[in-house]
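Before any comments, here is the structure.
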Protein chains: 2
Amino acid sequence: MADGRIYNFSAGPSMMPVPVLEKAAAQMLNYEGSGMSVMEMSHRSKYYDDIINGAQDAFRRVMNVPDNYQILFMQGGATMQFSAIPLNLMVTGKADYAITGNFARGAYKEAKKYGEIHVAASSEADNFTWIPKQEQLDLDPEADYFYICANNTIFGTEWNYDPETGKVPVVADMSSNIMSKPIDFTKYGVVYGGAQKNMGPAGMAVVVIREDLMGHYRENMPVLLDYKLMADKNSMYNTPPTYSIYMFKLMVEWVEQMGGVSVMDERARKRSGLLYDYLDASDLFKGAAQKDSRSRMNVCFRTGDPELDKKFVAESVKAGMSNLKGHRLVGGMRASIYNAMPMEGVEHLLKFMENFEKNNK
Amino acid sequence: MADGRIYNFSAGPSMMPVPVLEKAAAQMLNYEGSGMSVMEMSHRSKYYDDIINGAQDAFRRVMNVPDNYQILFMQGGATMQFSAIPLNLMVTGKADYAITGNFARGAYKEAKKYGEIHVAASSEADNFTWIPKQEQLDLDPEADYFYICANNTIFGTEWNYDPETGKVPVVADMSSNIMSKPIDFTKYGVVYGGAQKNMGPAGMAVVVIREDLMGHYRENMPVLLDYKLMADKNSMYNTPPTYSIYMFKLMVEWVEQMGGVSVMDERARKRSGLLYDYLDASDLFKGAAQKDSRSRMNVCFRTGDPELDKKFVAESVKAGMSNLKGHRLVGGMRASIYNAMPMEGVEHLLKFMENFEKNNK
């Protein structure tokens, strides 16, 4: 790869498009003739108004967010949303959670502080290798919401359908697959994501919420987690993470320039398809997730021999790739292939896998 | 100023040193041969370990932070700390607050959600033009802590002494004067600051806390605000704001290269001294804060004629300066002159003020 850059398969923070980084570098000392960096800019200035409003507009356009949904920029990543979701959405005090991985479980644990939480489905007994089907969901029609983690980074699984819940709003943590495909927001009450996979640097969450779900924030809780307040203040109740929002805008604009989220989806299917096809045909490597639950974003695989896995990872680094080691909860390898991963990166990995398989029969 | 950059007197986010921005731009696509941007780096990687630990070490060195104080990186800026402080420090449920400005009042309001809060002093009746003296503080020896806002950005006042409280820990919001002078941390239980004045881009708070004060986090509250948890996890319970921490490290290293915080203090006194001397001698301009409470960071002044103030601000923009308009709660003008403001910026402003005074007698 040019300029000494490597193919970075990190699960997040993760690879970003070179044109986005180049633009950020070029504008670092003087943003569009303002005489200052975006980092130095008052969040109450005209220049910054254009950035934050431009970021929202671009996301609404690219993701086709309906008018009755607000787009909020919040701090604390997805983990802060584990708290914010129940604190904002619990009215009767009951919610359903699907436990499909580590972060779904983290959200569930946090929600239990604030209400009565029912497990609607869990694949924990199978080390989270699958996503429940619609008919496997044990849903309470009286729940305040139904919570899912739409893509499970560690385990390489992804919901490939929008759950049906009747009138109960679905809340989806899309940290690791947002902006990688079109979303029908009318199927969701809240969609949120930490930025650090497809939306920019770590340190921000984007929250898309149906307006009628706001206004129920629990009393005597930290002021900054109140969705209604954040919406009323256009995410500027306090100083927002100004530079993260700017980078987010560049990321959304890049997706738009590339042809939009349908193109991102096509690219993701092509990238992951190449890897899964190879895994299915391979004698050495096995995919970790069940076939019908496979993620387009995180491809987890292993040889079955921990020593050989270790060798694979060590040699991959020498071959110009990084972060292919799987999470300790799964072992083996993981290739995280978000929007910014070029096809050449996957082809490079494939060739490396073929050679590795040949040399380690 | 070179390269079309202007003198930016914004109260925050605010001016950053050119060498820091240049380094960030130069490293944007490939950090020290890693083949990736800091934004793209896994927070669990060796490269990033060096950045986050290096940032803490540099701050400890430059600020002379004692060994029994932890340095935490948290999200949500100072406003999130308004909540975190009472949630972590309240044991008996009582605290004293000094109300010296808008942000002190905000912290007070938030704390009232969680306990019995006593106003130890307030300058609100005088529109926050002064800082209470030690003998004006009505302190409860049984309080869990005594809270101050060490520099009041909007009103241009600054505490010029460390309050004495006996055994009660002092908590100081130093968002707008941290790293601008040496701090005797032994006089404080907690010192914290939002980063966006002297420590980098907005979106992070740095919290320095005496170890024995941790471990009392209130039950059933958002997990991410627990200081003990954050300390135990080296600020990586979840993905930290990785790029903000990197920028913070560059900012601290710049202070060190400039000679340290004593030099920053000298420079701040010189910058603000020039402006205050001029204001005291001027027939047209008046300083807003009482003399013994003046801030070295934010110099607030006015002509007394709102129309003339408006003219001043409009003409200052044409003269290559920005953000000199005062906050609406004070009116008039405000020159925020943090660490990165060069002496030439203040001299440029002074010359402009002299000319303006001459032309508007």
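If you're wondering about the labels, chains in the structure tokens are A, B, ... by order shown, residues count from 1 in each chain, ligands from 1 in order shown.
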
Expected answer as a PyMOL selection string: chain A residues within 8 Å of chain B, only C-alpha atoms
chain A and resi 4-6+8+10-16+18+21-22+24-26+28-30+33-37+39-43+74-77+79-80+83+110+113-114+200-204+220-224+238-243+323

Exercise. Using only C-alpha atoms, determine which residues lie at most 8 Å from B:Ser272, disregarding the query and same-chain residues fewer than 4 positions distant; provide the list as a ChimeraX atom specification.
Key: /B:268,276,295-297,299,337

Store the residues of this selection in a file with N, CA and C atoms, as a JSON list (two decimals), in the first residue's frame.
[["chain", "number", "residue", "atom", "x", "y", "z"],
["B", 268, "ALA", "N", 1.20, 34.20, 30.93],
["B", 268, "ALA", "CA", -0.20, 34.58, 31.16],
["B", 268, "ALA", "C", -0.27, 35.92, 31.91],
["B", 276, "TYR", "N", -4.73, 44.61, 31.22],
["B", 276, "TYR", "CA", -5.32, 45.26, 32.39],
["B", 276, "TYR", "C", -4.71, 46.64, 32.63],
["B", 295, "SER", "N", -8.99, 37.53, 36.08],
["B", 295, "SER", "CA", -8.47, 36.31, 35.47],
["B", 295, "SER", "C", -7.28, 36.61, 34.58],
["B", 296, "ARG", "N", -6.31, 35.69, 34.59],
["B", 296, "ARG", "CA", -5.18, 35.79, 33.66],
["B", 296, "ARG", "C", -5.55, 35.23, 32.29],
["B", 297, "MET", "N", -6.71, 34.57, 32.21],
["B", 297, "MET", "CA", -7.10, 33.82, 31.00],
["B", 297, "MET", "C", -8.17, 34.54, 30.17],
["B", 299, "VAL", "N", -10.04, 38.24, 29.75],
["B", 299, "VAL", "CA", -10.08, 39.65, 30.10],
["B", 299, "VAL", "C", -11.37, 40.25, 29.53],
["B", 337, "ILE", "N", -7.24, 34.55, 26.44],
["B", 337, "ILE", "CA", -5.81, 34.48, 26.09],
["B", 337, "ILE", "C", -5.18, 33.30, 26.84]]

Task: helix (DSSP H, G or I) call set, DSSP backbone run, stretch 24-260 of chain A, as a ChimeraX atom specification - done: /A:24-26,38-40,46-63,77-89,102-111,124-126,134-136,185-187,211-213,223-225,227-232,242-257

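Distance annotation: of A:Asp309, A:Asp265, A:Asp277, A:Asp57, the residue with the minimal separation from A:Lys181 is A:Asp265; atom set is only C-alpha atoms.
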
Could you give me the residues within stretch 171-288 of chain B that DSSP places in strand (DSSP E), as a PDB file with C-alpha atoms, in the first residue's frame?
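After the write, part05.pdb holds the following:
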ATOM      1  CA  VAL B 171     -12.838  20.057  44.250  1.00  0.00           C
ATOM      2  CA  ALA B 172     -11.835  22.518  41.543  1.00  0.00           C
ATOM      3  CA  ASP B 173     -13.134  22.861  38.004  1.00  0.00           C
ATOM      4  CA  VAL B 190     -10.068  16.579  42.801  1.00  0.00           C
ATOM      5  CA  VAL B 191      -8.930  18.883  40.016  1.00  0.00           C
ATOM      6  CA  TYR B 192     -10.602  18.483  36.664  1.00  0.00           C
ATOM      7  CA  GLY B 193     -10.948  20.320  33.412  1.00  0.00           C
ATOM      8  CA  GLY B 194     -12.603  20.097  30.038  1.00  0.00           C
ATOM      9  CA  ALA B 205     -12.224  15.970  30.598  1.00  0.00           C
ATOM     10  CA  VAL B 206      -9.034  15.257  32.515  1.00  0.00           C
ATOM     11  CA  VAL B 207      -9.695  14.325  36.143  1.00  0.00           C
ATOM     12  CA  VAL B 208      -6.944  14.282  38.777  1.00  0.00           C
ATOM     13  CA  ILE B 209      -8.168  12.618  41.947  1.00  0.00           C
ATOM     14  CA  ARG B 210      -6.629  11.663  45.273  1.00  0.00           C
ATOM     15  CA  LYS B 286     -13.423  49.590  31.629  1.00  0.00           C
ATOM     16  CA  GLY B 287     -12.580  46.132  32.987  1.00  0.00           C
TER      17      GLY B 287
END

Computed gap from atom CA of A:Thr186 to atom CA of A:Leu213 is 13.0 Å
